[in-house]
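J.: File protein-v7.cif follows (mmCIF, C-alpha atoms and all ligand atoms):
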```cif
data_coords
loop_
_atom_site.label_atom_id
_atom_site.label_comp_id
_atom_site.auth_asym_id
_atom_site.auth_seq_id
_atom_site.Cartn_x
_atom_site.Cartn_y
_atom_site.Cartn_z
CA MET A 1 -12.31 -42.06 41.74
CA VAL A 2 -10.86 -43.01 45.12
CA LEU A 3 -9.31 -39.53 45.35
CA ARG A 4 -12.65 -37.94 44.54
CA PHE A 5 -14.24 -40.09 47.23
CA PHE A 6 -11.72 -38.85 49.83
CA ARG A 7 -12.22 -35.25 48.80
CA TYR A 8 -16.00 -35.57 49.19
CA TYR A 9 -15.51 -37.33 52.53
CA ALA A 10 -13.16 -34.67 53.95
CA ASP A 11 -15.48 -31.86 52.75
CA SER A 12 -18.49 -33.60 54.23
CA LEU A 13 -16.86 -33.86 57.67
CA ARG A 14 -16.20 -30.10 57.63
CA ALA A 15 -19.74 -29.32 56.47
CA TYR A 16 -21.21 -31.53 59.21
CA ARG A 17 -20.26 -29.00 61.89
CA LEU A 18 -20.99 -25.74 60.09
CA ASP A 19 -23.36 -23.36 61.85
CA ARG A 20 -26.78 -22.70 60.29
CA ALA A 21 -25.61 -19.64 58.35
CA GLY A 22 -22.59 -21.48 56.97
CA LEU A 23 -24.73 -24.43 56.00
CA ARG A 24 -27.28 -22.21 54.28
CA SER A 25 -24.62 -20.40 52.28
CA LEU A 26 -23.05 -23.72 51.20
CA GLN A 27 -26.51 -24.91 50.09
CA MET A 28 -27.17 -21.74 48.10
CA LYS A 29 -23.80 -22.01 46.35
CA ARG A 30 -24.54 -25.60 45.35
CA LEU A 31 -28.12 -24.73 44.40
CA ALA A 32 -26.94 -21.96 42.08
CA SER A 33 -24.69 -24.37 40.21
CA LEU A 34 -27.44 -27.03 40.04
CA LEU A 35 -30.01 -24.53 38.73
CA LYS A 36 -27.64 -23.15 36.12
CA GLY A 37 -27.03 -26.63 34.67
CA ALA A 38 -30.73 -27.52 34.96
CA TYR A 39 -31.78 -24.38 33.10
CA GLU A 40 -29.24 -24.80 30.31
CA ASP A 41 -29.24 -28.56 29.75
CA VAL A 42 -32.35 -30.15 31.30
CA PRO A 43 -35.46 -29.61 29.12
CA TYR A 44 -37.93 -30.16 31.98
CA TYR A 45 -36.41 -27.47 34.22
CA HIS A 46 -35.79 -25.11 31.35
CA GLY A 47 -39.54 -25.25 30.76
CA VAL A 48 -40.42 -24.87 34.46
CA LEU A 49 -38.17 -21.82 34.95
CA ARG A 50 -39.51 -20.21 31.79
CA ARG A 51 -43.08 -20.77 32.98
CA ILE A 52 -42.46 -19.12 36.35
CA GLY A 53 -40.57 -16.34 34.61
CA ARG A 54 -37.28 -16.79 36.50
CA THR A 55 -33.67 -17.26 35.51
CA PRO A 56 -31.39 -19.30 37.82
CA SER A 57 -29.62 -16.18 39.11
CA GLU A 58 -32.96 -14.81 40.33
CA ILE A 59 -33.42 -17.71 42.75
CA ARG A 60 -31.44 -16.61 45.78
CA ASN A 61 -33.15 -18.16 48.78
CA LEU A 62 -35.57 -20.84 49.89
CA GLN A 63 -38.52 -18.49 49.39
CA ASP A 64 -37.59 -18.05 45.70
CA LEU A 65 -37.01 -21.78 45.32
CA ARG A 66 -40.60 -22.41 46.49
CA GLU A 67 -41.86 -20.83 43.27
CA ILE A 68 -40.74 -24.02 41.51
CA PRO A 69 -43.62 -26.52 41.69
CA VAL A 70 -43.14 -29.72 43.68
CA LEU A 71 -42.17 -32.78 41.58
CA THR A 72 -43.99 -35.95 42.62
CA ARG A 73 -42.82 -39.52 42.08
CA ARG A 74 -45.38 -39.82 39.32
CA GLY A 75 -44.06 -36.58 37.81
CA VAL A 76 -40.55 -38.08 37.67
CA THR A 77 -41.84 -41.16 35.85
CA GLU A 78 -43.91 -39.16 33.36
CA ASN A 79 -41.14 -36.67 32.54
CA GLU A 80 -38.20 -39.06 32.75
CA PRO A 81 -36.48 -38.39 29.41
CA SER A 82 -36.74 -34.61 29.74
CA LEU A 83 -35.33 -34.69 33.30
CA VAL A 84 -31.94 -35.98 32.13
CA SER A 85 -29.27 -33.44 31.21
CA GLY A 86 -28.42 -33.29 27.50
CA LYS A 87 -24.75 -33.00 28.49
CA ALA A 88 -24.68 -36.22 30.51
CA THR A 89 -22.27 -38.96 29.46
CA GLY A 90 -21.40 -42.23 31.20
CA VAL A 91 -24.72 -42.47 32.94
CA HIS A 92 -25.90 -45.09 35.42
CA ILE A 93 -29.58 -45.71 35.89
CA ARG A 94 -31.02 -47.15 39.02
CA GLY A 95 -34.63 -48.00 39.77
CA SER A 96 -36.42 -47.82 43.10
CA SER A 97 -37.42 -51.15 44.61
CA GLY A 98 -40.89 -50.66 43.17
CA THR A 99 -42.50 -51.66 46.46
CA SER A 100 -44.42 -48.42 46.68
CA GLY A 101 -46.55 -48.43 43.56
CA VAL A 102 -44.75 -45.87 41.43
CA PHE A 103 -41.49 -47.11 39.93
CA VAL A 104 -38.98 -44.26 39.95
CA ARG A 105 -35.75 -44.46 37.98
CA VAL A 106 -32.88 -42.09 38.49
CA ALA A 107 -29.87 -41.39 36.28
CA PHE A 108 -26.53 -40.38 37.80
CA ASP A 109 -22.81 -40.41 37.04
CA GLN A 110 -19.77 -41.78 38.84
CA GLY A 111 -19.20 -38.45 40.59
CA PHE A 112 -22.60 -38.70 42.27
CA ARG A 113 -21.96 -42.33 43.13
CA ASP A 114 -18.69 -41.36 44.86
CA LEU A 115 -20.51 -38.59 46.74
CA ILE A 116 -23.14 -41.07 47.97
CA LEU A 117 -20.40 -43.42 49.19
CA ALA A 118 -18.56 -40.55 50.91
CA LEU A 119 -21.75 -39.62 52.76
CA GLN A 120 -22.15 -43.24 53.78
CA ALA A 121 -18.61 -43.15 55.15
CA ARG A 122 -19.43 -39.95 57.09
CA ARG A 123 -22.51 -41.64 58.50
CA LEU A 124 -20.36 -44.49 59.87
CA THR A 125 -17.76 -42.06 61.23
CA GLU A 126 -20.45 -40.08 63.05
CA CYS A 127 -21.90 -43.14 64.73
CA GLY A 128 -18.50 -44.02 66.14
CA VAL A 129 -16.84 -46.38 63.64
CA LYS A 130 -13.05 -46.04 63.79
CA PRO A 131 -10.60 -46.97 61.02
CA TRP A 132 -9.34 -49.94 63.05
CA HIS A 133 -12.81 -51.39 63.62
CA ARG A 134 -13.85 -54.50 61.71
CA LEU A 135 -16.87 -53.61 59.62
CA VAL A 136 -19.14 -56.20 58.01
CA SER A 137 -21.82 -55.24 55.54
CA ILE A 138 -24.46 -57.94 55.21
CA TRP A 139 -25.94 -58.10 51.71
CA ALA A 140 -29.11 -59.64 50.37
CA PRO A 141 -28.76 -62.99 48.56
CA LYS A 142 -27.44 -62.85 45.03
CA LYS A 143 -30.88 -63.36 43.51
CA TYR A 144 -32.01 -59.92 44.76
CA TRP A 145 -28.87 -58.02 43.89
CA LYS A 146 -29.73 -56.72 40.50
CA ARG A 147 -33.30 -55.85 41.25
CA GLY A 148 -33.99 -52.52 39.65
CA LEU A 149 -30.54 -52.05 38.18
CA GLU A 150 -30.10 -51.19 34.55
CA SER A 151 -27.25 -50.10 32.43
CA ARG A 152 -26.17 -47.89 29.72
CA PHE A 153 -22.75 -47.17 31.11
CA LYS A 154 -20.18 -47.02 28.33
CA GLY A 155 -22.20 -49.56 26.38
CA ARG A 156 -21.68 -52.47 28.77
CA ALA A 157 -23.63 -54.02 31.61
CA PHE A 158 -23.73 -52.00 34.81
CA THR A 159 -22.20 -54.14 37.53
CA TRP A 160 -21.80 -53.91 41.25
CA ALA A 161 -18.13 -53.17 40.62
CA ASP A 162 -19.33 -49.88 39.10
CA GLU A 163 -21.67 -49.35 41.99
CA LEU A 164 -19.12 -50.07 44.68
CA GLY A 165 -15.80 -49.32 42.98
CA PRO A 166 -14.29 -47.06 45.64
CA ALA A 167 -15.88 -48.99 48.51
CA ARG A 168 -14.29 -52.21 47.31
CA THR A 169 -10.93 -50.56 46.81
CA LEU A 170 -11.06 -49.16 50.34
CA ALA A 171 -12.07 -52.55 51.67
CA VAL A 172 -9.04 -54.18 50.09
CA LEU A 173 -6.73 -51.40 51.28
CA SER A 174 -7.98 -51.36 54.83
CA THR A 175 -8.52 -55.14 55.29
CA ARG A 176 -11.08 -54.02 57.86
CA VAL A 177 -14.18 -54.00 55.71
CA ARG A 178 -15.86 -57.21 54.65
CA PHE A 179 -18.95 -57.91 52.60
CA MET A 180 -21.06 -60.89 53.51
CA GLN A 181 -23.63 -62.26 51.13
CA SER A 182 -26.60 -63.86 52.84
CA ALA A 183 -27.90 -67.30 51.97
CA GLN A 184 -31.25 -67.56 50.22
CA ASP A 185 -33.13 -68.74 53.30
CA ASP A 186 -30.69 -69.93 55.93
CA PRO A 187 -30.31 -67.42 58.79
CA GLU A 188 -28.44 -70.00 60.88
CA ARG A 189 -25.65 -70.18 58.28
CA ASP A 190 -25.65 -66.39 58.05
CA LEU A 191 -25.19 -66.12 61.81
CA GLU A 192 -22.26 -68.56 61.75
CA GLU A 193 -20.65 -66.57 58.96
CA LEU A 194 -21.12 -63.31 60.86
CA ALA A 195 -19.64 -64.84 64.02
CA ARG A 196 -16.64 -66.03 62.00
CA LEU A 197 -16.02 -62.50 60.70
CA ARG A 198 -16.23 -61.09 64.26
CA PRO A 199 -17.28 -57.55 63.36
CA ASP A 200 -17.04 -54.56 65.70
CA PHE A 201 -19.72 -52.97 63.59
CA ALA A 202 -22.28 -54.54 61.25
CA MET A 203 -24.61 -53.15 58.62
CA GLY A 204 -27.73 -55.01 57.58
CA ARG A 205 -31.48 -55.29 57.59
CA ALA A 206 -33.29 -55.36 60.91
CA SER A 207 -35.71 -58.11 59.80
CA HIS A 208 -32.83 -60.37 58.72
CA LEU A 209 -30.79 -59.69 61.88
CA ALA A 210 -33.85 -60.59 63.96
CA ARG A 211 -34.23 -63.93 62.14
CA MET A 212 -30.52 -64.65 62.61
CA ALA A 213 -30.78 -63.83 66.32
CA ASP A 214 -33.09 -66.86 66.80
CA PHE A 215 -29.98 -69.02 66.50
CA LEU A 216 -27.91 -67.19 69.10
CA PRO A 217 -27.57 -69.37 72.19
CA SER A 218 -29.60 -67.69 74.94
CA GLY A 219 -27.47 -66.52 77.83
CA GLY A 220 -24.39 -67.66 75.93
CA LYS A 221 -21.52 -65.64 74.59
CA ARG A 222 -22.69 -62.71 72.54
CA LEU A 223 -21.09 -61.53 69.36
CA ARG A 224 -20.00 -58.31 71.11
CA ILE A 225 -20.90 -56.11 68.19
CA ARG A 226 -20.55 -52.46 69.24
CA GLY A 227 -22.97 -51.09 66.73
CA ILE A 228 -25.36 -52.20 64.03
CA GLU A 229 -26.50 -49.94 61.28
CA CYS A 230 -29.98 -50.83 60.07
CA ARG A 231 -31.31 -49.41 56.86
CA HIS A 232 -33.44 -50.07 53.80
CA GLU A 233 -36.61 -50.81 55.68
CA THR A 234 -39.06 -49.93 58.40
CA PHE A 235 -38.56 -51.46 61.82
CA THR A 236 -40.07 -50.84 65.23
CA THR A 237 -38.53 -49.94 68.57
CA THR A 238 -39.57 -53.40 69.80
CA ALA A 239 -37.58 -55.05 66.99
CA ALA A 240 -34.65 -52.72 67.66
CA SER A 241 -34.44 -53.55 71.36
CA LYS A 242 -34.64 -57.28 70.65
CA ILE A 243 -31.73 -57.00 68.22
CA GLU A 244 -29.70 -54.86 70.64
CA GLU A 245 -30.34 -57.39 73.38
CA ALA A 246 -29.35 -60.35 71.17
CA TYR A 247 -26.17 -58.92 69.67
CA GLY A 248 -25.10 -56.71 72.57
CA GLY A 249 -24.65 -53.49 70.53
CA ARG A 250 -26.53 -50.31 69.75
CA ILE A 251 -28.69 -49.92 66.64
CA TYR A 252 -28.13 -46.82 64.52
CA ARG A 253 -30.90 -45.83 62.16
CA SER A 254 -30.53 -44.30 58.75
CA HIS A 255 -32.82 -43.55 55.86
CA GLY A 256 -32.05 -43.39 52.18
CA SER A 257 -33.35 -44.03 48.69
CA ASN A 258 -32.04 -44.59 45.19
CA GLU A 259 -33.07 -41.08 44.24
CA LEU A 260 -31.25 -39.30 47.05
CA GLY A 261 -28.73 -41.72 48.52
CA THR A 262 -28.52 -41.43 52.31
CA ALA A 263 -30.93 -38.73 53.35
CA ALA A 264 -30.68 -39.00 57.13
CA SER A 265 -28.72 -40.93 59.75
CA GLU A 266 -28.16 -41.07 63.49
CA CYS A 267 -24.96 -39.86 65.11
CA ARG A 268 -23.52 -41.53 68.21
CA PHE A 269 -25.71 -39.38 70.49
CA GLN A 270 -28.85 -40.86 68.92
CA THR A 271 -31.04 -37.78 69.17
CA GLY A 272 -32.82 -38.56 65.90
CA MET A 273 -31.54 -38.85 62.33
CA HIS A 274 -29.57 -35.82 61.10
CA LEU A 275 -30.70 -34.82 57.62
CA ASN A 276 -27.79 -34.53 55.18
CA GLU A 277 -28.41 -30.84 54.63
CA ASP A 278 -25.06 -30.10 53.02
CA TRP A 279 -26.05 -32.03 49.89
CA ILE A 280 -29.83 -32.02 50.08
CA MET A 281 -32.11 -29.06 50.81
CA PHE A 282 -35.08 -30.33 52.79
CA GLU A 283 -38.52 -28.95 53.33
CA VAL A 284 -40.99 -30.67 55.65
CA LEU A 285 -44.40 -29.54 54.47
CA ARG A 286 -47.95 -29.78 55.68
CA GLY A 287 -50.53 -28.14 53.43
CA GLY A 288 -47.68 -26.46 51.56
CA GLU A 289 -46.23 -24.82 54.72
CA GLN A 290 -42.99 -25.71 56.52
CA VAL A 291 -43.67 -27.38 59.90
CA GLY A 292 -41.68 -26.75 63.10
CA PRO A 293 -39.76 -28.99 65.56
CA GLY A 294 -41.78 -31.95 66.83
CA GLU A 295 -44.34 -31.67 64.01
CA GLN A 296 -45.14 -34.03 61.13
CA GLY A 297 -45.09 -33.33 57.40
CA GLU A 298 -44.06 -34.63 54.01
CA LEU A 299 -40.36 -34.61 53.14
CA VAL A 300 -39.58 -32.60 50.01
CA ALA A 301 -35.96 -32.71 48.85
CA THR A 302 -33.71 -30.87 46.43
CA ALA A 303 -30.69 -33.05 45.68
CA LEU A 304 -27.76 -30.70 45.15
CA GLY A 305 -25.23 -33.29 44.01
CA ASN A 306 -26.87 -34.95 41.00
CA HIS A 307 -26.45 -32.75 37.93
CA VAL A 308 -27.25 -35.60 35.51
CA MET A 309 -30.88 -35.82 36.60
CA PRO A 310 -31.65 -32.90 38.91
CA LEU A 311 -34.47 -33.48 41.39
CA ILE A 312 -35.61 -30.07 42.56
CA ARG A 313 -38.38 -29.93 45.18
CA TYR A 314 -38.91 -33.67 44.85
CA ALA A 315 -41.81 -34.93 46.99
CA THR A 316 -40.42 -38.15 48.43
CA GLY A 317 -43.82 -39.34 49.68
CA ASP A 318 -42.29 -39.98 53.12
CA THR A 319 -44.05 -38.56 56.14
CA VAL A 320 -41.59 -37.61 58.86
CA GLU A 321 -41.74 -36.31 62.40
CA LEU A 322 -39.10 -33.69 63.16
CA ALA A 323 -37.15 -33.97 66.41
CA ASP A 324 -36.76 -31.07 68.85
CA GLY A 325 -34.92 -27.97 67.69
CA GLU A 326 -32.04 -28.27 70.20
CA ARG A 327 -28.45 -28.46 69.02
CA CYS A 328 -27.17 -32.03 69.15
CA ALA A 329 -24.20 -32.84 71.41
CA CYS A 330 -22.24 -34.08 68.36
CA GLY A 331 -21.88 -30.45 67.28
CA SER A 332 -23.86 -30.70 64.06
CA THR A 333 -26.61 -28.17 63.42
CA MET A 334 -28.21 -30.31 60.73
CA LEU A 335 -31.93 -30.79 61.35
CA ARG A 336 -33.00 -34.05 62.89
CA VAL A 337 -35.90 -36.38 62.08
CA LYS A 338 -37.29 -38.34 64.99
CA ARG A 339 -39.18 -40.91 62.91
CA PHE A 340 -39.99 -41.86 59.35
CA LEU A 341 -43.69 -42.69 59.59
CA GLY A 342 -44.16 -44.42 56.23
CA ARG A 343 -45.22 -43.46 52.75
CA LYS A 344 -48.30 -41.33 52.32
CA GLU A 345 -50.08 -44.03 50.30
CA ASP A 346 -49.52 -46.58 53.09
CA TRP A 347 -51.43 -44.64 55.78
CA LEU A 348 -54.47 -46.52 57.01
CA GLN A 349 -58.10 -45.41 57.11
CA GLY A 350 -59.25 -45.21 60.71
CA ALA A 351 -62.64 -44.45 62.26
CA GLY A 352 -64.30 -41.27 61.04
CA GLY A 353 -61.86 -40.88 58.11
CA THR A 354 -58.78 -40.35 60.30
CA LEU A 355 -55.44 -41.45 58.87
CA VAL A 356 -53.30 -43.77 60.99
CA SER A 357 -49.53 -44.08 60.54
CA PRO A 358 -48.37 -47.58 59.50
CA LEU A 359 -45.38 -47.28 61.84
CA ASP A 360 -47.64 -46.56 64.83
CA VAL A 361 -49.71 -49.66 63.97
CA ALA A 362 -46.58 -51.83 63.59
CA GLU A 363 -45.24 -50.53 66.93
CA ALA A 364 -48.50 -51.49 68.67
CA VAL A 365 -48.69 -54.92 66.97
CA GLU A 366 -45.13 -55.93 67.86
CA ARG A 367 -45.30 -54.55 71.39
CA GLU A 368 -48.60 -56.25 72.17
CA THR A 369 -48.44 -59.53 70.23
CA GLY A 370 -44.73 -60.23 69.62
CA MET A 371 -45.45 -61.05 65.96
CA ARG A 372 -42.63 -60.95 63.40
CA ASP A 373 -42.11 -61.35 59.63
CA TYR A 374 -45.73 -60.51 58.99
CA GLN A 375 -47.37 -58.10 56.63
CA ILE A 376 -50.71 -56.58 57.56
CA VAL A 377 -52.72 -55.24 54.63
CA GLN A 378 -55.76 -53.05 55.11
CA LEU A 379 -58.27 -54.15 52.46
CA LYS A 380 -61.15 -51.93 53.60
CA ARG A 381 -61.67 -49.79 56.68
CA GLY A 382 -62.29 -52.63 59.17
CA GLU A 383 -60.97 -55.47 57.04
CA PHE A 384 -57.39 -56.75 57.22
CA GLU A 385 -55.37 -59.48 55.55
CA VAL A 386 -52.52 -60.87 57.64
CA ARG A 387 -49.71 -62.44 55.62
CA VAL A 388 -47.52 -64.81 57.63
CA LYS A 389 -45.27 -67.83 57.21
CA SER A 390 -47.66 -70.43 58.69
CA PRO A 391 -51.22 -69.07 58.46
CA ASP A 392 -52.99 -71.86 60.40
CA GLN A 393 -50.61 -71.89 63.35
CA GLU A 394 -50.25 -68.14 63.57
CA GLU A 395 -53.98 -67.53 63.28
CA LYS A 396 -54.55 -69.71 66.36
CA ARG A 397 -51.76 -68.05 68.21
CA TYR A 398 -52.22 -64.38 67.37
CA SER A 399 -55.69 -63.67 65.99
CA SER A 400 -57.41 -62.58 69.21
CA ALA A 401 -54.55 -60.38 70.47
CA LEU A 402 -53.99 -58.92 67.00
CA GLY A 403 -57.72 -58.25 66.51
CA GLU A 404 -57.88 -56.33 69.80
CA CYS A 405 -54.72 -54.43 69.01
CA LEU A 406 -55.87 -53.38 65.52
CA SER A 407 -59.39 -52.42 66.74
CA ARG A 408 -57.83 -50.13 69.31
CA ALA A 409 -55.38 -48.60 66.83
CA MET A 410 -58.04 -48.01 64.18
CA GLY A 411 -60.87 -47.05 66.54
CA THR A 412 -63.24 -49.52 64.84
CA PRO A 413 -64.05 -53.27 65.00
CA VAL A 414 -61.92 -55.34 62.59
CA THR A 415 -62.04 -58.69 60.81
CA LEU A 416 -58.85 -60.59 60.00
CA SER A 417 -58.00 -63.21 57.37
CA PHE A 418 -54.66 -65.03 57.58
CA THR A 419 -52.88 -66.03 54.35
CA ALA A 420 -49.44 -67.40 53.45
CA ARG A 421 -46.69 -64.89 52.81
CA PRO A 422 -44.20 -65.85 50.08
CA ARG A 423 -40.70 -66.28 51.55
CA ASP A 424 -39.34 -64.11 48.73
CA ASP A 425 -41.17 -61.20 50.31
CA LEU A 426 -38.76 -61.25 53.22
CA TRP A 427 -36.00 -59.81 51.05
CA LEU A 428 -38.10 -56.97 49.68
CA LYS A 429 -38.00 -53.70 51.55
CA ASN A 430 -39.90 -54.54 54.72
CA ARG A 431 -43.20 -52.68 54.93
CA PRO A 432 -44.97 -54.40 57.83
CA VAL A 433 -48.23 -52.45 57.56
CA VAL A 434 -49.72 -51.24 54.26
CA THR A 435 -53.00 -50.55 52.53
CA ALA A 436 -54.21 -52.61 49.56
CA GLY A 437 -54.14 -49.52 47.35
CA GLY A 438 -50.64 -48.44 48.44
ZN ZN A 501 -25.80 -35.47 66.45
#
```
As structure tokens, how would this structure be written, given the file I've shared?

T.:
Amino acid sequence: MVLRFFRYYADSLRAYRLDRAGLRSLQMKRLASLLKGAYEDVPYYHGVLRRIGRTPSEIRNLQDLREIPVLTRRGVTENEPSLVSGKATGVHIRGSSGTSGVFVRVAFDQGFRDLILALQARRLTECGVKPWHRLVSIWAPKKYWKRGLESRFKGRAFTWADELGPARTLAVLSTRVRFMQSAQDDPERDLEELARLRPDFAMGRASHLARMADFLPSGGKRLRIRGIECRHETFTTTAASKIEEAYGGRIYRSHGSNELGTAASECRFQTGMHLNEDWIMFEVLRGGEQVGPGEQGELVATALGNHVMPLIRYATGDTVELADGERCACGSTMLRVKRFLGRKEDWLQGAGGTLVSPLDVAEAVERETGMRDYQIVQLKRGEFEVRVKSPDQEEKRYSSALGECLSRAMGTPVTLSFTARPRDDLWLKNRPVVTAGG
């Protein structure tokens, strides 16, 4: 499996710098193989292709692919058994964090797992990590590890050794990669541990790194971390600059999910997150039409690497804003996303029925009030619940500034009620601004 990992990694580095035509032809080759397997062994797609009257060999370009109807998250849940290939053996199953209403489970094999890890390695390479750099990956506390994991792998429990087999092997071989498990609720201890490991590059959650940064001596010696990769959750530019200031290194953004693995990540030129187009075909749609550079739309993905449970034209629910169409200085022609604006169901109701992006609201709140570790829930149009650690104190401190900020963002007067936020929430995927229905 380590050999397979290296093969995927080497291939992925070559694919990263293909021109558009080369990339498209690689995608079509992989799509043909995915469709063939899906048609022969996956009942759901056999049915879909029969209904649209196509065989796999008749789907030769993106236009043809668009004849296949979009598969929503709900569609995945409802059709789960018939989405899994009849030929699959040795299957892992992984659930989404379930923070977004619909619980999506995805089945995959060890080959797909190795591919996902290889793409993670490419992501680190492209943001400047060298083999001699010390790399520390900061994990959630043990209690949250197995959230959403299930097993039917060779009849025994699915463990993190299965999940991270090659990564662990590489870590032992290189002596440069370390995993650090966070304490349940002790950011000061976590900071000490991180300082002891002296990483050149760290990977972790922005919200956790921000809490740890409270214990850095101000004006004192910094950790001198060159780069920090932040993933798994939404964070604002305000939070990012505070973390960069505290730790003295650049933040690199990436975006991924259980269903797709890493979907997008920043290179060292930080011109937006490159979509992993060699292994995922992306469409960014608004009203069913592809949008252009600088525009916003919903991300629809066809994962070319998972033959166990093919996801073809899978509507991720994520609204994204594409970056400009220029070629990035890193040499990759892969499309870039400027921002992930939040899940469709999280968008807020503004004045006159307008929809307001949760990320835009979080940006305004953090810029104008300096709040942190909060969750703002829109109950009704002008009615918000604010979940915080100490409701009484924080209401006194923030309510007037927050009220003004939210009124301006929503274009309507607002009322706020402050309530206590369970500490456990801090380890869930951070969604700072949501709607009650989302
Ligand atoms: Zn680039």

J.: Show me which residues are within 7 Å of ligand ZN 501 (chain A) counting all atoms listed in the file, and format the list as a VMD selection string.

T.: chain A and resid 266 to 271 274 328 to 332

J.: Have a look at A:Pro293, A:Glu58, A:Asp41, A:Thr234 and name the one nearest to Ser82 in chain A; count only C-alpha atoms.

T.: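 When distances to Ser82 in chain A are compared using only C-alpha atoms, the smallest one comes from A:Asp41.
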
J.: Kindly give the distance, in Å, that separates CA of Asp200 in chain A and CA of Asn258 in chain A, rounded to a single decimal.

T.: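 Those two atoms sit 27.3 Å apart.
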
J.: I'd like to know which of A:Pro43, A:Pro391, A:Pro422, A:Gly342 is closest to Phe235 in chain A, using only C-alpha atoms.

T.: A:Gly342

J.: Nearest to His255 in chain A: which of A:Gly294, A:Pro141, A:Pro131, A:Gly272 is it, counting only C-alpha atoms?

T.: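 Of A:Gly294, A:Pro141, A:Pro131, A:Gly272, the one nearest His255 in chain A is A:Gly272, counting only C-alpha atoms.
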
J.: Between CA of Arg94 in chain A and CA of Ala107 in chain A, what distance in Å does the model show, to one decimal?

T.: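 Separation of CA of Arg94 in chain A and CA of Ala107 in chain A: 6.5 Å.
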
J.: Could you check which of A:Thr435, A:Asn79, A:Thr236, A:Ser25 is closest to Glu366 in chain A, using only C-alpha atoms?

T.: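 Closest to Glu366 in chain A of all the choices is A:Thr236.
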
J.: Using only C-alpha atoms, determine which residues lie at most 10 Å from Val48 in chain A, disregarding the query and same-chain residues fewer than 5 positions distant; provide the list as a CSV table (one decimal) with C-alpha atoms, in the coordinates of the input.

T.:
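Contents of around_20.csv, as written:
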```csv
chain,number,residue,atom,x,y,z
A,39,TYR,CA,-31.8,-24.4,33.1
A,43,PRO,CA,-35.5,-29.6,29.1
A,53,GLY,CA,-40.6,-16.3,34.6
A,54,ARG,CA,-37.3,-16.8,36.5
A,67,GLU,CA,-41.9,-20.8,43.3
A,68,ILE,CA,-40.7,-24.0,41.5
A,69,PRO,CA,-43.6,-26.5,41.7
```

J.: With distances taken over all atoms listed in the file, which of A:Glu78, A:Asp278, A:Glu245, A:Thr369 is nearest to Asp11 in chain A?

T.: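 For Asp11 in chain A, the nearest of the given residues is A:Asp278.
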
J.: Between A:Gln393, A:Asn430, A:Asn306, A:Gln27, single out the one closest to Phe418 in chain A, counting all atoms listed in the file.

T.: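 Ranked by minimum distance to Phe418 in chain A, first place goes to A:Gln393.
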
J.: Interatomic distance between CA of Thr333 in chain A and CA of Ile59 in chain A?

T.: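 If I compute the distance from CA of Thr333 in chain A to CA of Ile59 in chain A, I get 24.1 Å.
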
J.: Residues within 12 Å of Ser265 in chain A, please, as a PyMOL selection string. Count only C-alpha atoms; anything in the same chain fewer than 6 positions from it doesn't count.

T.: chain A and resi 119-127+229-232+251-256+271-277+334-340

J.: Got a sec: who's within 8 Å of Phe108 in chain A, counting all atoms listed in the file, leaving out chain neighbours fewer than 4 positions off, as a ChimeraX atom specification?

T.: /A:91-93,112-113,306-309

J.: Just want the 12 Å neighbourhood of Gly287 in chain A, counted on only C-alpha atoms, with same-chain residues fewer than 3 positions away dropped. Output as a PyMOL selection string.

T.: chain A and resi 284+290-291+296-298
